[in-house]
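Peer 1: This is target-v9.cif (mmCIF, C-alpha atoms and all ligand atoms).
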data_start
loop_
_atom_site.label_atom_id
_atom_site.label_comp_id
_atom_site.auth_asym_id
_atom_site.auth_seq_id
_atom_site.Cartn_x
_atom_site.Cartn_y
_atom_site.Cartn_z
CA GLU G 27 12.20 0.17 -31.59
CA TYR G 28 14.18 1.28 -28.61
CA GLY G 29 12.69 4.62 -27.72
CA PHE G 30 9.52 6.51 -26.87
CA PHE G 31 8.64 10.17 -27.26
CA ASN G 32 5.34 11.79 -26.24
CA GLY G 33 3.15 8.83 -27.04
CA GLU G 34 5.02 7.15 -29.87
CA PHE G 35 7.49 4.32 -29.99
CA ILE G 36 10.50 5.24 -32.11
CA THR G 37 13.92 4.01 -33.16
CA LEU G 38 16.79 6.07 -31.80
CA ASP G 39 18.19 6.91 -35.24
CA THR G 40 14.95 8.61 -36.25
CA ALA G 41 14.34 10.39 -32.93
CA LYS G 42 14.68 14.17 -33.02
CA VAL G 43 15.21 16.62 -30.18
CA GLN G 44 12.92 19.63 -30.19
CA LEU G 45 15.24 22.66 -30.26
CA GLU G 46 13.23 24.58 -27.71
CA ASP G 47 12.60 21.70 -25.33
CA ARG G 48 13.41 23.30 -21.95
CA GLY G 49 15.20 20.11 -20.99
CA TYR G 50 17.61 20.79 -23.83
CA GLN G 51 18.06 24.51 -23.19
CA PHE G 52 17.80 24.78 -19.39
CA GLY G 53 18.16 21.23 -18.10
CA ASP G 54 14.60 21.92 -16.93
CA GLY G 55 13.46 18.41 -16.21
CA ILE G 56 13.95 15.21 -14.25
CA TYR G 57 14.94 11.64 -15.02
CA GLU G 58 14.94 8.10 -13.69
CA ALA G 59 16.88 4.99 -14.65
CA THR G 60 15.50 1.57 -13.77
CA ARG G 61 17.15 -1.80 -14.21
CA VAL G 62 15.45 -4.58 -16.11
CA TYR G 63 16.23 -8.11 -14.97
CA ASN G 64 14.75 -11.08 -16.78
CA GLY G 65 12.28 -8.81 -18.58
CA LYS G 66 11.01 -7.26 -15.33
CA CYS G 67 11.61 -3.77 -13.89
CA PHE G 68 13.16 -3.95 -10.43
CA ALA G 69 11.75 -1.56 -7.78
CA LEU G 70 9.84 0.43 -10.40
CA GLU G 71 7.33 1.74 -7.81
CA ARG G 72 10.15 3.37 -5.85
CA HIS G 73 11.54 4.99 -9.01
CA LEU G 74 8.10 6.31 -9.97
CA ALA G 75 7.52 7.69 -6.47
CA ARG G 76 10.86 9.51 -6.62
CA CYS G 77 9.98 10.79 -10.11
CA ARG G 78 6.74 12.27 -8.78
CA ARG G 79 8.61 13.93 -5.91
CA SER G 80 11.20 15.44 -8.27
CA LEU G 81 8.40 16.81 -10.48
CA ARG G 82 6.60 18.29 -7.48
CA GLU G 83 9.76 19.96 -6.19
CA LEU G 84 10.34 21.56 -9.62
CA ARG G 85 6.66 22.43 -10.04
CA ILE G 86 6.39 20.46 -13.28
CA PRO G 87 2.79 19.30 -13.77
CA ILE G 88 2.26 15.56 -13.39
CA THR G 89 0.58 14.39 -16.59
CA TYR G 90 1.53 10.72 -16.58
CA MET G 91 0.09 8.37 -14.01
CA ASP G 92 2.23 5.58 -12.55
CA GLU G 93 0.10 2.96 -14.33
CA GLU G 94 0.79 4.63 -17.67
CA LEU G 95 4.53 4.93 -17.05
CA THR G 96 4.64 1.30 -15.95
CA ALA G 97 2.82 0.22 -19.12
CA ILE G 98 5.29 2.14 -21.31
CA HIS G 99 8.23 0.48 -19.50
CA TYR G 100 6.78 -2.94 -20.29
CA ASP G 101 5.94 -1.97 -23.88
CA LEU G 102 9.58 -0.95 -24.38
CA ILE G 103 10.79 -4.26 -22.96
CA GLN G 104 8.42 -6.16 -25.19
CA LYS G 105 9.10 -4.19 -28.38
CA SER G 106 12.88 -4.24 -27.93
CA GLY G 107 13.04 -7.86 -26.81
CA ILE G 108 15.62 -6.76 -24.20
CA GLN G 109 15.58 -8.98 -21.11
CA ASN G 110 18.43 -7.38 -19.16
CA GLY G 111 19.05 -3.68 -19.47
CA VAL G 112 18.34 -0.20 -18.25
CA ILE G 113 15.30 1.92 -19.04
CA TYR G 114 16.00 5.65 -18.89
CA PHE G 115 13.22 8.20 -18.92
CA GLN G 116 13.09 11.93 -18.62
CA ILE G 117 10.29 14.42 -18.27
CA THR G 118 10.96 18.02 -19.23
CA ARG G 119 8.78 20.98 -18.35
CA ALA G 120 7.76 21.86 -21.90
CA THR G 121 8.74 22.95 -25.34
CA ALA G 122 8.28 26.73 -25.51
CA PRO G 123 10.04 29.89 -26.78
CA ARG G 124 13.18 30.35 -24.71
CA THR G 125 12.67 32.47 -21.63
CA HIS G 126 13.46 31.65 -18.01
CA TYR G 127 9.88 32.02 -16.74
CA PHE G 128 7.73 28.91 -16.75
CA PRO G 129 5.55 28.96 -19.86
CA ASP G 130 1.76 28.98 -19.30
CA GLN G 131 -0.34 25.95 -20.07
CA VAL G 132 2.17 23.63 -21.58
CA ILE G 133 2.39 19.91 -21.48
CA PRO G 134 5.59 18.21 -20.28
CA ASN G 135 7.60 16.03 -22.69
CA LEU G 136 8.28 12.40 -21.85
CA SER G 137 11.06 10.48 -23.56
CA MET G 138 12.34 7.03 -22.81
CA THR G 139 15.05 4.67 -24.02
CA ILE G 140 15.93 1.08 -23.34
CA ARG G 141 19.46 -0.33 -23.64
CA GLU G 142 20.88 -3.75 -23.06
CA SER G 143 23.15 -3.83 -19.99
CA GLU G 144 24.32 -6.08 -17.16
CA PRO G 145 25.82 -5.08 -13.81
CA ASN G 146 29.62 -5.07 -13.88
CA ARG G 147 30.35 -8.35 -12.11
CA LYS G 148 34.12 -7.86 -12.26
CA TRP G 149 33.84 -4.56 -10.36
CA GLN G 150 31.61 -6.28 -7.82
CA GLU G 151 34.11 -9.09 -7.34
CA ASP G 152 37.35 -7.09 -7.33
CA GLY G 153 36.15 -3.72 -6.06
CA ILE G 154 36.86 -0.37 -7.68
CA ALA G 155 39.31 2.48 -7.12
CA CYS G 156 37.94 5.99 -6.67
CA MET G 157 39.25 9.51 -6.23
CA LEU G 158 38.01 12.23 -3.93
CA ALA G 159 36.48 15.18 -5.78
CA GLU G 160 35.18 18.46 -4.49
CA ASP G 161 31.37 18.53 -4.62
CA ILE G 162 30.63 21.65 -6.66
CA ARG G 163 26.95 20.88 -7.30
CA TRP G 164 23.93 23.02 -6.41
CA LEU G 165 22.11 22.69 -3.10
CA ARG G 166 19.16 20.59 -4.31
CA CYS G 167 20.96 17.32 -5.03
CA ASP G 168 17.87 15.54 -3.62
CA ILE G 169 16.08 16.31 -6.90
CA LYS G 170 16.97 13.96 -9.74
CA SER G 171 17.24 16.83 -12.21
CA LEU G 172 18.81 16.77 -15.66
CA ASN G 173 21.55 19.16 -14.50
CA LEU G 174 24.47 16.79 -14.08
CA LEU G 175 27.52 18.90 -14.92
CA GLY G 176 29.02 18.62 -11.44
CA ASN G 177 28.63 14.84 -11.59
CA VAL G 178 29.93 14.69 -15.15
CA LEU G 179 33.08 16.68 -14.33
CA ALA G 180 33.79 14.56 -11.24
CA LYS G 181 33.36 11.27 -13.11
CA GLN G 182 35.46 12.46 -16.05
CA ALA G 183 38.27 13.55 -13.71
CA ALA G 184 38.26 10.03 -12.22
CA HIS G 185 38.20 8.47 -15.67
CA GLU G 186 41.21 10.51 -16.77
CA LYS G 187 43.13 9.17 -13.77
CA GLY G 188 42.23 5.62 -14.75
CA LEU G 189 39.82 5.30 -11.80
CA GLN G 190 36.29 3.94 -11.79
CA GLY G 191 34.55 6.59 -9.72
CA ALA G 192 34.61 9.83 -7.77
CA ILE G 193 33.59 10.29 -4.15
CA GLN G 194 32.43 13.86 -3.65
CA PHE G 195 32.97 15.98 -0.54
CA ARG G 196 31.84 19.50 0.34
CA LYS G 197 34.80 21.78 0.82
CA ASP G 198 33.09 24.10 3.34
CA THR G 199 32.34 21.27 5.80
CA ASP G 200 34.95 18.69 4.71
CA LEU G 201 32.18 16.06 4.63
CA ILE G 202 31.64 13.35 2.04
CA THR G 203 28.24 13.51 0.32
CA GLU G 204 27.99 10.75 -2.31
CA GLY G 205 29.52 9.30 -5.47
CA SER G 206 29.21 10.93 -8.89
CA SER G 207 26.22 8.69 -9.72
CA SER G 208 25.94 6.57 -6.60
CA ASN G 209 25.53 6.71 -2.83
CA PHE G 210 28.60 6.10 -0.69
CA PHE G 211 28.95 3.96 2.43
CA ILE G 212 31.72 2.88 4.77
CA VAL G 213 31.96 0.19 7.43
CA LYS G 214 33.84 1.02 10.59
CA ASP G 215 33.85 -0.83 13.93
CA GLY G 216 31.06 -3.01 12.56
CA LEU G 217 28.75 -0.06 11.87
CA ILE G 218 27.62 1.03 8.41
CA TRP G 219 27.91 4.76 7.81
CA THR G 220 26.28 6.85 5.08
CA HIS G 221 25.27 10.48 4.54
CA PRO G 222 21.73 11.31 5.76
CA THR G 223 19.08 12.10 3.15
CA ASP G 224 18.97 15.86 3.01
CA ASN G 225 19.38 18.39 0.20
CA LEU G 226 23.01 17.39 -0.42
CA ILE G 227 22.46 13.86 -1.77
CA LEU G 228 20.06 11.93 -3.93
CA LYS G 229 17.94 9.47 -1.98
CA GLY G 230 19.00 6.44 -4.01
CA VAL G 231 16.51 3.65 -4.54
CA THR G 232 19.30 1.13 -3.95
CA ARG G 233 20.29 2.98 -0.76
CA SER G 234 16.67 2.87 0.47
CA ILE G 235 16.36 -0.84 -0.30
CA LEU G 236 19.55 -1.57 1.64
CA LEU G 237 18.47 0.53 4.63
CA GLU G 238 14.85 -0.64 4.74
CA GLU G 239 15.13 -4.25 3.64
CA VAL G 240 18.60 -5.77 3.39
CA ILE G 241 20.41 -4.28 6.40
CA PRO G 242 17.65 -4.96 8.98
CA GLN G 243 17.35 -8.52 7.73
CA LEU G 244 21.07 -9.10 8.14
CA GLY G 245 21.03 -7.47 11.56
CA TYR G 246 23.52 -4.67 10.87
CA THR G 247 23.22 -1.14 12.20
CA VAL G 248 23.37 2.03 10.10
CA VAL G 249 24.60 5.42 11.19
CA GLU G 250 23.10 8.05 8.88
CA LYS G 251 25.63 10.73 9.59
CA ALA G 252 28.11 12.58 7.39
CA PHE G 253 31.84 11.89 7.83
CA THR G 254 35.10 13.33 6.55
CA PRO G 255 37.36 11.93 3.81
CA GLU G 256 39.96 11.26 6.51
CA PHE G 257 37.47 9.15 8.46
CA ALA G 258 36.59 7.22 5.29
CA LEU G 259 40.23 6.44 4.50
CA SER G 260 40.55 4.60 7.79
CA ALA G 261 37.39 2.52 7.22
CA ALA G 262 37.47 -1.28 7.19
CA GLU G 263 35.21 -1.39 4.12
CA ALA G 264 33.69 1.01 1.63
CA PHE G 265 31.13 0.65 -1.14
CA VAL G 266 28.88 2.53 -3.51
CA THR G 267 25.28 1.75 -4.44
CA SER G 268 23.17 2.57 -7.48
CA THR G 269 20.69 1.01 -9.83
CA SER G 270 23.46 0.22 -12.28
CA LEU G 271 26.23 -0.71 -9.80
CA GLU G 272 23.94 -2.50 -7.31
CA VAL G 273 26.42 -2.79 -4.39
CA THR G 274 30.00 -2.32 -5.61
CA PRO G 275 32.96 -2.45 -3.19
CA VAL G 276 35.44 0.45 -3.14
CA VAL G 277 38.90 -0.86 -2.30
CA ASN G 278 41.01 2.22 -2.93
CA ILE G 279 40.35 5.94 -2.43
CA ASP G 280 42.85 8.53 -3.67
CA GLY G 281 45.61 5.92 -3.64
CA HIS G 282 44.85 4.76 -0.08
CA THR G 283 43.96 1.12 0.35
CA ILE G 284 40.65 0.54 2.17
CA GLY G 285 40.82 -2.34 4.65
CA ASN G 286 43.01 -5.03 3.15
CA GLY G 287 42.35 -3.90 -0.43
CA THR G 288 39.73 -6.54 -1.19
CA PRO G 289 35.91 -6.37 -0.93
CA GLY G 290 34.82 -6.51 2.71
CA LYS G 291 32.67 -9.21 4.32
CA ILE G 292 29.77 -6.92 5.19
CA THR G 293 29.82 -5.34 1.73
CA GLN G 294 29.69 -8.78 0.14
CA SER G 295 26.79 -9.87 2.32
CA LEU G 296 24.85 -6.71 1.38
CA LEU G 297 25.40 -7.39 -2.32
CA GLN G 298 24.25 -10.96 -1.76
CA GLY G 299 21.14 -9.77 0.12
CA TYR G 300 20.35 -7.26 -2.63
CA ARG G 301 20.69 -9.92 -5.31
CA GLU G 302 18.31 -12.17 -3.41
CA LEU G 303 15.69 -9.40 -3.48
CA VAL G 304 16.22 -9.00 -7.24
CA GLN G 305 15.88 -12.74 -7.60
CA LYS G 306 12.64 -12.77 -5.61
CA GLU G 307 11.10 -9.86 -7.50
CA CYS G 308 12.24 -10.57 -11.05
CA TYR G 309 12.88 -14.28 -11.45
CA ASN G 310 9.73 -15.84 -10.04
N1 LIG G 401 23.38 9.64 -6.28
C1 LIG G 401 23.46 10.17 -7.52
C2 LIG G 401 24.04 11.53 -7.69
C3 LIG G 401 23.02 9.42 -8.63
O1 LIG G 401 23.08 9.96 -9.87
C4 LIG G 401 22.51 8.11 -8.43
C5 LIG G 401 22.10 7.26 -9.59
N2 LIG G 401 21.03 7.78 -10.29
C6 LIG G 401 22.45 7.61 -7.13
C7 LIG G 401 22.89 8.41 -6.08
C8 LIG G 401 21.91 6.23 -6.84
O2 LIG G 401 20.51 6.20 -7.02
P1 LIG G 401 19.74 4.86 -7.35
O3 LIG G 401 20.14 3.85 -6.32
O4 LIG G 401 18.31 5.25 -7.25
O5 LIG G 401 20.14 4.46 -8.73
#
Show me the file's structure as structure tokens.
Peer 2:
Amino acid sequence: EYGFFNGEFITLDTAKVQLEDRGYQFGDGIYEATRVYNGKCFALERHLARCRRSLRELRIPITYMDEELTAIHYDLIQKSGIQNGVIYFQITRATAPRTHYFPDQVIPNLSMTIRESEPNRKWQEDGIACMLAEDIRWLRCDIKSLNLLGNVLAKQAAHEKGLQGAIQFRKDTDLITEGSSSNFFIVKDGLIWTHPTDNLILKGVTRSILLEEVIPQLGYTVVEKAFTPEFALSAAEAFVTSTSLEVTPVVNIDGHTIGNGTPGKITQSLLQGYRELVQKECYN
């Protein structure tokens, strides 16, 4: 049993999509993905808080309390027997006859899946190569909505070039926003730079943990300010963060070597600091 839909645990092969689920027809919903380490959900409270915010911003009624969502996460872990993996969940506005207006008095749909998965240690050790891609997404990238076509096209373009990721930039301002499913950082003159949290990026849980917990502890300084692709290419270090990638060094962008082409010292210490937090929360 690896899935859950509206109150029932299900196997994925028997799960059925409702044809008029607004998530399916309009992308009218939100999602979260949380990593499971050693049978425990890491930073689940932060994911649930972001979920509530996304729902509020989209005016989707909140019908599941955090306690309930937490319990379902742990039921999925227990029923699947998966100790290390990712739990994905999405909440869509409703199932209702297709029309753009919000339907009246409907109850949101909750579906969840659990999959076995481990962070890509090779990418963390060697670093990854990325391309620059124009950010063509809408102007509410702070909402973790189901509409991911911009991200999908950027990531696929990178994949077709044999690269591991895409770093997106807005053409009108020539400023980097974030990765296709990650936040982007550079290190320059000893300072850590990343895009501020506004409507143009998702406020990543991993990003928040680095800024609030890991970076202060290590004594580094963050500049939350957008920068150009040109500025990034001359950085000493670069990295992306996400629930699935944790902290993954970027050693090449658009064919330009970053620093000396190997993971930077500060990047490595941030990954180490992040792993220590995971250790503390999930392995004790
Ligand atoms: N930005 C985007 C566009 C993403 O899809 C993700 C991953 N969901 C992130 C950033 C990183 O967020 P988190 O650290 O919460 O996984």
Peer 1: If I take atom CA of G:Gln131 and atom CA of G:Arg82, how far is one from the other in Å, to one decimal?
Peer 2: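 Separation of atom CA of G:Gln131 and atom CA of G:Arg82: 16.3 Å.
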Peer 1: Taking all atoms listed in the file into account, which residues have an atom no farther than 6 Å from ligand LIG 401 (chain G)? I'd like them as a PyMOL selection string.
Peer 2: chain G and resi 206-209+228+230-233+267-269
Peer 1: Please provide as a list of chain:residue names all residues within 10 Å of G:Phe52, with the sequence filter that same-chain residues fewer than 5 positions apart are discarded (counting all atoms listed in the file).
Peer 2: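 In the requested form, the answer reads G:Glu46, G:Asp47, G:Thr118, G:Arg119, G:Arg124, G:Thr125, G:His126, G:Leu172, G:Asn173.
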Peer 1: Can you tell me which residues surround stretch 190-199 of chain G at a distance of at most 8 Å, considering only C-alpha atoms, apart from same-chain residues fewer than 4 positions away, and format the answer as a list in words?
Peer 2: Ile154, Ala155, Cys156, Met157, Leu158, Ala159, Glu160, Asp161, Ile162, Ala180, Lys181, Ala183, Ala184, His185, Thr203, Glu204, Gly205, Ser206, Phe210, Thr254 and Pro255 of chain G
Peer 1: Could you save those same residues with C-alpha atoms as an mmCIF file, in the frame of the given file?
Peer 2:
data_model
loop_
_atom_site.group_PDB
_atom_site.id
_atom_site.type_symbol
_atom_site.label_atom_id
_atom_site.label_comp_id
_atom_site.auth_asym_id
_atom_site.auth_seq_id
_atom_site.Cartn_x
_atom_site.Cartn_y
_atom_site.Cartn_z
ATOM 1 C CA ILE G 154 36.860 -0.370 -7.680
ATOM 2 C CA ALA G 155 39.310 2.480 -7.120
ATOM 3 C CA CYS G 156 37.940 5.990 -6.670
ATOM 4 C CA MET G 157 39.250 9.510 -6.230
ATOM 5 C CA LEU G 158 38.010 12.230 -3.930
ATOM 6 C CA ALA G 159 36.480 15.180 -5.780
ATOM 7 C CA GLU G 160 35.180 18.460 -4.490
ATOM 8 C CA ASP G 161 31.370 18.530 -4.620
ATOM 9 C CA ILE G 162 30.630 21.650 -6.660
ATOM 10 C CA ALA G 180 33.790 14.560 -11.240
ATOM 11 C CA LYS G 181 33.360 11.270 -13.110
ATOM 12 C CA ALA G 183 38.270 13.550 -13.710
ATOM 13 C CA ALA G 184 38.260 10.030 -12.220
ATOM 14 C CA HIS G 185 38.200 8.470 -15.670
ATOM 15 C CA THR G 203 28.240 13.510 0.320
ATOM 16 C CA GLU G 204 27.990 10.750 -2.310
ATOM 17 C CA GLY G 205 29.520 9.300 -5.470
ATOM 18 C CA SER G 206 29.210 10.930 -8.890
ATOM 19 C CA PHE G 210 28.600 6.100 -0.690
ATOM 20 C CA THR G 254 35.100 13.330 6.550
ATOM 21 C CA PRO G 255 37.360 11.930 3.810
#
Peer 1: Could you name the residues that touch G:Glu93 at 12 Å or less, counting only C-alpha atoms, but leaving out those on the same chain fewer than 6 positions away, as a list in words?
Peer 2: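 The neighbour list is Leu70, Glu71, Leu74, Ala75, His99 and Tyr100 of chain G.
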Peer 1: So that I can check the surroundings of G:Gly285, please list as a list in words every protein, DNA and RNA residue that reaches within 7 Å of it, counting all atoms listed in the file and ignoring chain neighbours fewer than 2 positions away.
Peer 2: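 Listed by chain and then number, they are Ala261, Ala262, Glu263, Thr283 and Gly287 of chain G.
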